[in-house]
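> I'd like to ask some things about the structure below.
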Amino acid sequence: MSAREDVKGPIQVIDRMMKLLDVLAAHPEPLGLKQVAQYTSLHPSTAHRILSAMAADRLVDRVEPGSYRLGMRLLELGNLVKSRINVREMALPVMRELHAQIGETVNLSVRHDDEIVYVERTSSGRSAMRVVHVIGARAPLHVTAAGKLFLLEEGFARLRDYAKRTGLAAHTKNTLCALPLLERELERIQRQGWATDNEEAELGVRCVAAGIRDDAGLVAALSLSTPADRMKVQWGPLVKETAERISRTVGHRPQVARIGAA
């Protein structure tokens, strides 16, 4: 047997194992062997052999004879990986790439109570504008692009509570201080997938932001800050795409159509 053939066997088994896991992950209910074989295009005997080995290692559970679902060992391993993931560390290399591409300030922020807190920033320092987005700085949720993402995540039902607690205080003449205006803004963000700040926190400064998610939900926001006259429309989709890259790095898996669904 050649070295190439010797390698092909184990790699092929791993490839088939991943197909089996993907199919089981796409279906919340246990699947029968015939269904699994159909969705993976594997011969039933091949699928059964690999599933049996995976069941022995608790990667899949045999619910009843001929029926399988994802195993508890995957949860154990997933929790271990999650405990070792630091969103800030994972985001920083991607933030640097975005900054190198655009040349504007890139921020990472998280929510704390009714404010966002900036936890990381990449900047060349070439801008003369005064930006408060320094590490550790805080800002109310409703005046920032990043903060609006967290308000949207919490839901419209709880937005009124936030408005009562904070009074939607104005920071500039552009701040959305009326609840109906803020509601319409969140609806727009929901439709397009990213948020903007039109000089609402500071005159002369605009921001665009998109959410970073893990398997539990929104954990951080990636934002781009720039003088108002330098902001470009195409940066919205770009920030969204960059945030999605970071999300995948920290374990977020977007919902996909179920395999075999009509």
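How things are named: the first chain in the structure tokens is A, the next is B, and so on; residues count from 1 in each chain; ligands count from 1 in the order shown.
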Residues near Leu224 of chain A, anyone? I mean within 6 Å using only C-alpha atoms, not counting same-chain ones fewer than 4 positions away, as a PyMOL selection string.

chain A and resi 105-106+207-208

> Take the residues that were just selected and, keeping N, CA and C atoms, output them as a PDB file, in the first residue's frame.


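Done, and the output landed in again07.pdb:
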```pdb
ATOM      1  N   THR A 105     -10.889  53.897  12.733  1.00  0.00           N
ATOM      2  CA  THR A 105     -10.902  53.296  14.068  1.00  0.00           C
ATOM      3  C   THR A 105     -11.890  52.133  14.146  1.00  0.00           C
ATOM      4  N   VAL A 106     -11.445  51.008  14.668  1.00  0.00           N
ATOM      5  CA  VAL A 106     -12.280  49.828  14.846  1.00  0.00           C
ATOM      6  C   VAL A 106     -12.387  49.541  16.341  1.00  0.00           C
ATOM      7  N   CYS A 207     -20.713  56.286  13.309  1.00  0.00           N
ATOM      8  CA  CYS A 207     -20.295  54.899  13.545  1.00  0.00           C
ATOM      9  C   CYS A 207     -21.218  53.937  12.815  1.00  0.00           C
ATOM     10  N   VAL A 208     -20.688  52.771  12.515  1.00  0.00           N
ATOM     11  CA  VAL A 208     -21.480  51.660  12.004  1.00  0.00           C
ATOM     12  C   VAL A 208     -21.050  50.427  12.788  1.00  0.00           C
TER      13      VAL A 208
END
```

> Listing only residues of segment 222-244 of chain A within 12 Å of segment 149-158 of chain A, what is the closest atom pair and its distance in Å (to one decimal) for each, using only C-alpha atoms, sorted by chain and residue number ascending, as JSON lines?


```
{"residue": "A:Leu222", "atom": "CA", "partner": "A:Leu149", "partner_atom": "CA", "distance": 10.2}
{"residue": "A:Ser223", "atom": "CA", "partner": "A:Leu149", "partner_atom": "CA", "distance": 10.7}
{"residue": "A:Lys240", "atom": "CA", "partner": "A:Leu149", "partner_atom": "CA", "distance": 11.8}
```

> Got time to write the residues from that selection, all heavy atoms, as a PDB file, in the first residue's frame?


```pdb
ATOM      1  N   LEU A 222     -18.977  44.876  17.095  1.00  0.00           N
ATOM      2  CA  LEU A 222     -17.844  45.404  16.347  1.00  0.00           C
ATOM      3  C   LEU A 222     -18.303  46.700  15.686  1.00  0.00           C
ATOM      4  O   LEU A 222     -19.344  46.728  15.035  1.00  0.00           O
ATOM      5  CB  LEU A 222     -17.407  44.405  15.276  1.00  0.00           C
ATOM      6  CG  LEU A 222     -16.231  44.825  14.397  1.00  0.00           C
ATOM      7  CD1 LEU A 222     -14.921  44.724  15.181  1.00  0.00           C
ATOM      8  CD2 LEU A 222     -16.171  43.953  13.146  1.00  0.00           C
ATOM      9  N   SER A 223     -17.544  47.772  15.864  1.00  0.00           N
ATOM     10  CA  SER A 223     -17.963  49.047  15.290  1.00  0.00           C
ATOM     11  C   SER A 223     -16.802  49.767  14.629  1.00  0.00           C
ATOM     12  O   SER A 223     -15.634  49.549  14.961  1.00  0.00           O
ATOM     13  CB  SER A 223     -18.597  49.947  16.353  1.00  0.00           C
ATOM     14  OG  SER A 223     -17.677  50.267  17.376  1.00  0.00           O
ATOM     15  N   LYS A 240     -20.553  44.124   8.955  1.00  0.00           N
ATOM     16  CA  LYS A 240     -21.399  42.962   9.237  1.00  0.00           C
ATOM     17  C   LYS A 240     -20.680  41.665   8.873  1.00  0.00           C
ATOM     18  O   LYS A 240     -20.672  40.702   9.652  1.00  0.00           O
ATOM     19  CB  LYS A 240     -22.713  43.071   8.457  1.00  0.00           C
ATOM     20  CG  LYS A 240     -23.679  41.902   8.677  1.00  0.00           C
ATOM     21  CD  LYS A 240     -24.980  42.177   7.935  1.00  0.00           C
ATOM     22  CE  LYS A 240     -26.000  41.060   8.188  1.00  0.00           C
ATOM     23  NZ  LYS A 240     -25.633  39.819   7.498  1.00  0.00           N
TER      24      LYS A 240
END
```

> Might you pull out every residue within 12 Å of Ala210 of chain A, with only C-alpha atoms counted and same-chain residues fewer than 5 positions away left off, and present them as a VMD selection string?

chain A and resid 106 to 110 144 to 150 152 to 153 189 to 190 192 to 197 218 to 224 235 to 247

> Okay, now the selection with N, CA and C atoms, as a tab-separated table (two decimals), in the first residue's frame?


```
chain	number	residue	atom	x	y	z
A	106	VAL	N	-11.45	51.01	14.67
A	106	VAL	CA	-12.28	49.83	14.85
A	106	VAL	C	-12.39	49.54	16.34
A	107	ASN	N	-13.62	49.36	16.82
A	107	ASN	CA	-13.86	49.17	18.25
A	107	ASN	C	-14.55	47.83	18.53
A	108	LEU	N	-14.30	47.30	19.71
A	108	LEU	CA	-15.01	46.13	20.23
A	108	LEU	C	-15.63	46.54	21.55
A	109	SER	N	-16.93	46.32	21.70
A	109	SER	CA	-17.61	46.73	22.92
A	109	SER	C	-18.55	45.63	23.41
A	110	VAL	N	-18.84	45.67	24.71
A	110	VAL	CA	-19.77	44.74	25.33
A	110	VAL	C	-20.78	45.55	26.14
A	144	THR	N	-25.41	55.04	20.61
A	144	THR	CA	-24.33	54.43	19.84
A	144	THR	C	-24.86	53.34	18.92
A	145	ALA	N	-24.17	53.12	17.82
A	145	ALA	CA	-24.55	52.04	16.90
A	145	ALA	C	-24.45	50.70	17.61
A	146	ALA	N	-23.36	50.51	18.37
A	146	ALA	CA	-23.18	49.24	19.08
A	146	ALA	C	-24.27	49.04	20.12
A	147	GLY	N	-24.60	50.08	20.85
A	147	GLY	CA	-25.61	49.96	21.89
A	147	GLY	C	-26.99	49.61	21.35
A	148	LYS	N	-27.32	50.14	20.18
A	148	LYS	CA	-28.62	49.84	19.57
A	148	LYS	C	-28.76	48.35	19.27
A	149	LEU	N	-27.65	47.71	18.94
A	149	LEU	CA	-27.69	46.27	18.69
A	149	LEU	C	-28.13	45.51	19.93
A	150	PHE	N	-27.64	45.94	21.09
A	150	PHE	CA	-28.02	45.27	22.34
A	150	PHE	C	-29.48	45.56	22.70
A	152	LEU	N	-31.85	46.03	20.50
A	152	LEU	CA	-32.62	45.19	19.58
A	152	LEU	C	-32.60	43.75	20.05
A	153	GLU	N	-31.47	43.28	20.54
A	153	GLU	CA	-31.36	41.91	21.02
A	153	GLU	C	-32.29	41.66	22.19
A	189	ILE	N	-32.59	48.63	11.73
A	189	ILE	CA	-31.42	47.81	12.00
A	189	ILE	C	-31.75	46.33	11.83
A	190	GLN	N	-32.92	45.95	12.27
A	190	GLN	CA	-33.35	44.56	12.16
A	190	GLN	C	-33.44	44.13	10.70
A	192	GLN	N	-31.75	45.53	8.02
A	192	GLN	CA	-30.51	45.59	7.24
A	192	GLN	C	-29.36	44.78	7.84
A	193	GLY	N	-29.41	44.50	9.14
A	193	GLY	CA	-28.38	43.64	9.73
A	193	GLY	C	-27.21	44.36	10.35
A	194	TRP	N	-27.20	45.69	10.33
A	194	TRP	CA	-26.16	46.45	11.02
A	194	TRP	C	-26.77	47.77	11.50
A	195	ALA	N	-26.07	48.41	12.44
A	195	ALA	CA	-26.57	49.63	13.05
A	195	ALA	C	-25.68	50.81	12.71
A	196	THR	N	-26.25	52.02	12.78
A	196	THR	CA	-25.47	53.23	12.54
A	196	THR	C	-25.73	54.24	13.65
A	197	ASP	N	-24.81	55.16	13.79
A	197	ASP	CA	-24.93	56.29	14.72
A	197	ASP	C	-24.64	57.54	13.91
A	218	LEU	N	-25.98	37.38	21.44
A	218	LEU	CA	-25.12	38.53	21.20
A	218	LEU	C	-24.18	38.72	22.37
A	219	VAL	N	-22.87	38.70	22.12
A	219	VAL	CA	-21.88	38.81	23.20
A	219	VAL	C	-21.05	40.08	23.08
A	220	ALA	N	-20.97	40.68	21.90
A	220	ALA	CA	-20.15	41.87	21.71
A	220	ALA	C	-20.60	42.55	20.42
A	221	ALA	N	-20.08	43.76	20.23
A	221	ALA	CA	-20.37	44.51	19.00
A	221	ALA	C	-19.08	45.01	18.40
A	222	LEU	N	-18.98	44.88	17.10
A	222	LEU	CA	-17.84	45.40	16.35
A	222	LEU	C	-18.30	46.70	15.69
A	223	SER	N	-17.54	47.77	15.86
A	223	SER	CA	-17.96	49.05	15.29
A	223	SER	C	-16.80	49.77	14.63
A	224	LEU	N	-17.17	50.61	13.69
A	224	LEU	CA	-16.22	51.43	12.95
A	224	LEU	C	-16.57	52.89	13.22
A	235	TRP	N	-19.50	50.46	4.00
A	235	TRP	CA	-18.86	49.94	5.21
A	235	TRP	C	-19.84	49.18	6.11
A	236	GLY	N	-21.14	49.43	5.96
A	236	GLY	CA	-22.12	48.68	6.74
A	236	GLY	C	-22.04	47.18	6.48
A	237	PRO	N	-22.20	46.76	5.21
A	237	PRO	CA	-22.09	45.34	4.90
A	237	PRO	C	-20.71	44.77	5.25
A	238	LEU	N	-19.67	45.57	5.09
A	238	LEU	CA	-18.32	45.09	5.39
A	238	LEU	C	-18.15	44.82	6.88
A	239	VAL	N	-18.64	45.71	7.72
A	239	VAL	CA	-18.55	45.50	9.18
A	239	VAL	C	-19.39	44.28	9.57
A	240	LYS	N	-20.55	44.12	8.96
A	240	LYS	CA	-21.40	42.96	9.24
A	240	LYS	C	-20.68	41.67	8.87
A	241	GLU	N	-20.07	41.64	7.70
A	241	GLU	CA	-19.33	40.45	7.27
A	241	GLU	C	-18.16	40.15	8.22
A	242	THR	N	-17.47	41.20	8.66
A	242	THR	CA	-16.34	41.02	9.57
A	242	THR	C	-16.81	40.49	10.92
A	243	ALA	N	-17.92	41.03	11.42
A	243	ALA	CA	-18.47	40.56	12.69
A	243	ALA	C	-18.89	39.10	12.60
A	244	GLU	N	-19.42	38.71	11.45
A	244	GLU	CA	-19.82	37.31	11.26
A	244	GLU	C	-18.61	36.39	11.26
A	245	ARG	N	-17.49	36.86	10.71
A	245	ARG	CA	-16.25	36.07	10.76
A	245	ARG	C	-15.83	35.81	12.20
A	246	ILE	N	-15.89	36.85	13.01
A	246	ILE	CA	-15.52	36.69	14.42
A	246	ILE	C	-16.51	35.76	15.12
A	247	SER	N	-17.78	35.90	14.79
A	247	SER	CA	-18.80	35.04	15.39
A	247	SER	C	-18.52	33.57	15.12
```

> Give the answer as one residue: which of A:Val63, A:Ala201, A:Ile50, A:Ile14 has the shortest atom-to-atom distance to Pro30 of chain A, using only C-alpha atoms?

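Of the candidates, the smallest distance to Pro30 of chain A is held by A:Val63.
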
> Report, in Å with one decimal, the straight-line distance from atom CA of Thr172 of chain A to atom CA of Ile102 of chain A.

26.6 Å

> Just asking: which residues within segment 144-227 of chain A are strand (DSSP E or B) according to DSSP, as a PyMOL selection string?

chain A and resi 195-198+205-214+217-227

> When distances are computed from only C-alpha atoms, which of A:Thr122, A:Thr40, A:Ala169, A:Pro28 shows the smallest separation from Asp15 of chain A?

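Result for the nearest residue to Asp15 of chain A: A:Thr40.
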
> Which residues come within 12 Å of Pro180 of chain A, counting only C-alpha atoms, excluding same-chain residues fewer than 3 positions away, as an NGL selection string?

:A and (156 or 159-160 or 163 or 168 or 176-177 or 183-187)

> What's the 10 Å shell around Lys34 of chain A, counting only C-alpha atoms, without same-chain residues fewer than 4 positions away, as an NGL selection string?

:A and (38-39 or 42-45 or 47-48 or 66-67)

> DSSP on the backbone: what in segment 17-230 of chain A comes out alpha helix (DSSP H), as a PyMOL selection string?

chain A and resi 17-25+33-40+44-56+72-84+87-102+145-154+156-166+179-192

> Of the residues A:Thr166, A:Arg213, A:Glu104, A:Lys173, which is the one nearest to Arg230 of chain A, using only C-alpha atoms?

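Looking at the shortest contact to Arg230 of chain A, the residue is A:Glu104.
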
> How many Å separate atom CA of Val117 of chain A from atom CA of His171 of chain A?

16.8 Å

> Within 6 Å of segment 71-80 of chain A, counting only C-alpha atoms, which residues qualify if same-chain residues fewer than 3 places away don't, as a list in words?

Arg58, Leu59, Val60, Asp61 and Ser83 of chain A

> Work out how far apart atom CA of Ser123 of chain A and atom CA of His99 of chain A are and give it in Å to one decimal.

7.1 Å
